[in-house]
$ cat target.cif   # mmCIF, C-alpha atoms
data_target
loop_
_atom_site.group_PDB
_atom_site.id
_atom_site.type_symbol
_atom_site.label_atom_id
_atom_site.label_comp_id
_atom_site.auth_asym_id
_atom_site.auth_seq_id
_atom_site.Cartn_x
_atom_site.Cartn_y
_atom_site.Cartn_z
ATOM 1 C CA MET A 1 50.980 102.470 90.470
ATOM 2 C CA ASP A 2 53.581 101.939 87.760
ATOM 3 C CA PRO A 3 52.491 102.267 84.122
ATOM 4 C CA VAL A 4 52.358 98.987 82.275
ATOM 5 C CA GLN A 5 55.141 98.605 79.723
ATOM 6 C CA LEU A 6 54.115 96.544 76.727
ATOM 7 C CA PRO A 7 56.905 94.719 74.918
ATOM 8 C CA VAL A 8 57.540 96.257 71.517
ATOM 9 C CA GLN A 9 58.621 93.839 68.848
ATOM 10 C CA THR A 10 59.655 95.119 65.471
ATOM 11 C CA ASP A 11 59.866 93.015 62.384
ATOM 12 C CA PRO A 12 63.572 92.406 61.624
ATOM 13 C CA GLU A 13 62.976 92.896 57.897
ATOM 14 C CA ALA A 14 61.237 96.240 58.435
ATOM 15 C CA ARG A 15 64.045 97.335 60.733
ATOM 16 C CA ALA A 16 66.714 96.313 58.202
ATOM 17 C CA PHE A 17 64.855 98.176 55.444
ATOM 18 C CA LEU A 18 64.629 101.352 57.522
ATOM 19 C CA ILE A 19 68.355 101.184 58.311
ATOM 20 C CA TRP A 20 69.110 100.619 54.619
ATOM 21 C CA LEU A 21 66.873 103.510 53.547
ATOM 22 C CA GLY A 22 68.332 105.808 56.191
ATOM 23 C CA GLY A 23 71.841 105.103 54.940
ATOM 24 C CA TYR A 24 70.902 105.884 51.356
ATOM 25 C CA LEU A 25 69.104 109.099 52.280
ATOM 26 C CA ALA A 26 72.000 110.227 54.490
ATOM 27 C CA ILE A 27 74.447 109.895 51.595
ATOM 28 C CA TYR A 28 71.983 111.563 49.223
ATOM 29 C CA LEU A 29 71.436 114.524 51.532
ATOM 30 C CA LEU A 30 75.176 114.845 52.134
ATOM 31 C CA LEU A 31 75.702 115.107 48.375
ATOM 32 C CA MET A 32 72.892 117.658 48.081
ATOM 33 C CA TRP A 33 74.522 119.740 50.806
ATOM 34 C CA ARG A 34 78.150 119.514 49.663
ATOM 35 C CA SER A 35 77.958 119.495 45.866
ATOM 36 C CA PRO A 36 76.494 122.482 43.999
ATOM 37 C CA ARG A 37 76.654 120.587 40.684
ATOM 38 C CA PHE A 38 74.702 117.668 42.149
ATOM 39 C CA ARG A 39 72.135 120.042 43.669
ATOM 40 C CA ASP A 40 71.688 122.111 40.500
ATOM 41 C CA SER A 41 71.258 119.111 38.218
ATOM 42 C CA PHE A 42 68.802 117.557 40.692
ATOM 43 C CA LEU A 43 66.745 120.782 40.760
ATOM 44 C CA ASP A 44 66.693 120.827 36.941
ATOM 45 C CA TRP A 45 65.319 117.293 37.027
ATOM 46 C CA ILE A 46 62.660 118.023 39.674
ATOM 47 C CA THR A 47 61.504 121.262 38.004
ATOM 48 C CA LEU A 48 61.133 119.369 34.694
ATOM 49 C CA LYS A 49 63.869 121.276 32.855
ATOM 50 C CA ASP A 50 65.329 117.787 32.375
ATOM 51 C CA PRO A 51 62.168 115.623 32.626
ATOM 52 C CA LEU A 52 63.849 112.222 32.236
ATOM 53 C CA GLY A 53 66.760 113.081 34.494
ATOM 54 C CA LEU A 54 69.315 112.126 31.852
ATOM 55 C CA GLY A 55 71.499 115.146 32.571
ATOM 56 C CA PHE A 56 71.390 114.436 36.304
ATOM 57 C CA TRP A 57 72.476 110.812 35.940
ATOM 58 C CA ARG A 58 75.057 111.603 33.241
ATOM 59 C CA GLN A 59 76.696 114.323 35.348
ATOM 60 C CA ASN A 60 76.610 112.168 38.463
ATOM 61 C CA ILE A 61 77.693 108.820 37.043
ATOM 62 C CA LEU A 62 79.408 107.760 40.278
ATOM 63 C CA PHE A 63 76.207 108.387 42.210
ATOM 64 C CA ALA A 64 74.300 106.369 39.598
ATOM 65 C CA ALA A 65 76.737 103.467 40.019
ATOM 66 C CA PHE A 66 76.474 103.750 43.794
ATOM 67 C CA SER A 67 72.663 103.779 43.588
ATOM 68 C CA LEU A 68 72.556 100.666 41.424
ATOM 69 C CA ALA A 69 74.944 98.828 43.729
ATOM 70 C CA TYR A 70 73.035 99.934 46.826
ATOM 71 C CA PHE A 71 69.734 98.749 45.367
ATOM 72 C CA ALA A 72 71.352 95.455 44.311
ATOM 73 C CA VAL A 73 72.424 94.911 47.904
ATOM 74 C CA ALA A 74 68.855 95.542 48.993
ATOM 75 C CA VAL A 75 67.511 92.992 46.540
ATOM 76 C CA LEU A 76 70.069 90.397 47.579
ATOM 77 C CA PHE A 77 69.819 90.803 51.331
ATOM 78 C CA LEU A 78 66.375 92.251 51.949
ATOM 79 C CA GLY A 79 64.568 90.430 49.152
ATOM 80 C CA GLY A 80 63.770 87.526 51.403
#

$ encode --input "target.cif" --output "structure tokens"
Amino acid sequence: MDPVQLPVQTDPEARAFLIWLGGYLAIYLLLMWRSPRFRDSFLDWITLKDPLGLGFWRQNILFAAFSLAYFAVAVLFLGG
């Protein structure tokens, strides 16, 4: 007897969100791996040496601009 295969349907919005989030995290992790300055300032932020993260965002202004643009895309296209 063959096992019964149930059709799996995923919500297109949930799928789009997971793809969007995966892209952001991939870029973030790539920066953490390749850039010692990015990694060190992030660790200062997480360990509360820089509690508001101002040093992290000031040192990584291009990443801040990328983050804002990436979240704007999410609001425009995934906002519904």

$ closest_residue --input "target.cif" --among "A:Leu30, A:Trp57, A:Ala65, A:Gly79" --to "Trp45 of chain A" --atoms "all atoms listed in the file"
A:Trp57

$ atom_distance --input "target.cif" --atom1 "atom CA of Asp11 of chain A" --atom2 "atom CA of Phe66 of chain A"
27.1 Å

$ resolve_selection --input "target.cif" --expression "the PyMOL selection byres ((chain A and resi 42) around 12)" --output "tab-separated table (two decimals) with C-alpha atoms, in the coordinates of the input"
chain	number	residue	atom	x	y	z
A	28	TYR	CA	71.98	111.56	49.22
A	29	LEU	CA	71.44	114.52	51.53
A	31	LEU	CA	75.70	115.11	48.38
A	32	MET	CA	72.89	117.66	48.08
A	33	TRP	CA	74.52	119.74	50.81
A	35	SER	CA	77.96	119.50	45.87
A	36	PRO	CA	76.49	122.48	44.00
A	37	ARG	CA	76.65	120.59	40.68
A	38	PHE	CA	74.70	117.67	42.15
A	39	ARG	CA	72.14	120.04	43.67
A	40	ASP	CA	71.69	122.11	40.50
A	41	SER	CA	71.26	119.11	38.22
A	43	LEU	CA	66.74	120.78	40.76
A	44	ASP	CA	66.69	120.83	36.94
A	45	TRP	CA	65.32	117.29	37.03
A	46	ILE	CA	62.66	118.02	39.67
A	47	THR	CA	61.50	121.26	38.00
A	48	LEU	CA	61.13	119.37	34.69
A	49	LYS	CA	63.87	121.28	32.85
A	50	ASP	CA	65.33	117.79	32.38
A	51	PRO	CA	62.17	115.62	32.63
A	52	LEU	CA	63.85	112.22	32.24
A	53	GLY	CA	66.76	113.08	34.49
A	54	LEU	CA	69.32	112.13	31.85
A	55	GLY	CA	71.50	115.15	32.57
A	56	PHE	CA	71.39	114.44	36.30
A	57	TRP	CA	72.48	110.81	35.94
A	58	ARG	CA	75.06	111.60	33.24
A	59	GLN	CA	76.70	114.32	35.35
A	60	ASN	CA	76.61	112.17	38.46
A	63	PHE	CA	76.21	108.39	42.21

$ atom_distance --input "target.cif" --atom1 "atom CA of Ala74 of chain A" --atom2 "atom CA of Ala14 of chain A"
12.2 Å

$ closest_residue --input "target.cif" --among "A:Ile61, A:Leu78, A:Arg34, A:Tyr70" --to "Glu13 of chain A" --atoms "all atoms listed in the file"
A:Leu78

$ atom_distance --input "target.cif" --atom1 "atom CA of Ala26 of chain A" --atom2 "atom CA of Gln9 of chain A"
25.6 Å

$ axis_aligned_box --input "target.cif" --around "segment 47-59 of chain A" --padding-each-side "6 Å" --output "AutoDock Vina command-line options"
--center_x 68.9 --center_y 116.0 --center_z 34.9 --size_x 27.6 --size_y 22.5 --size_z 18.2
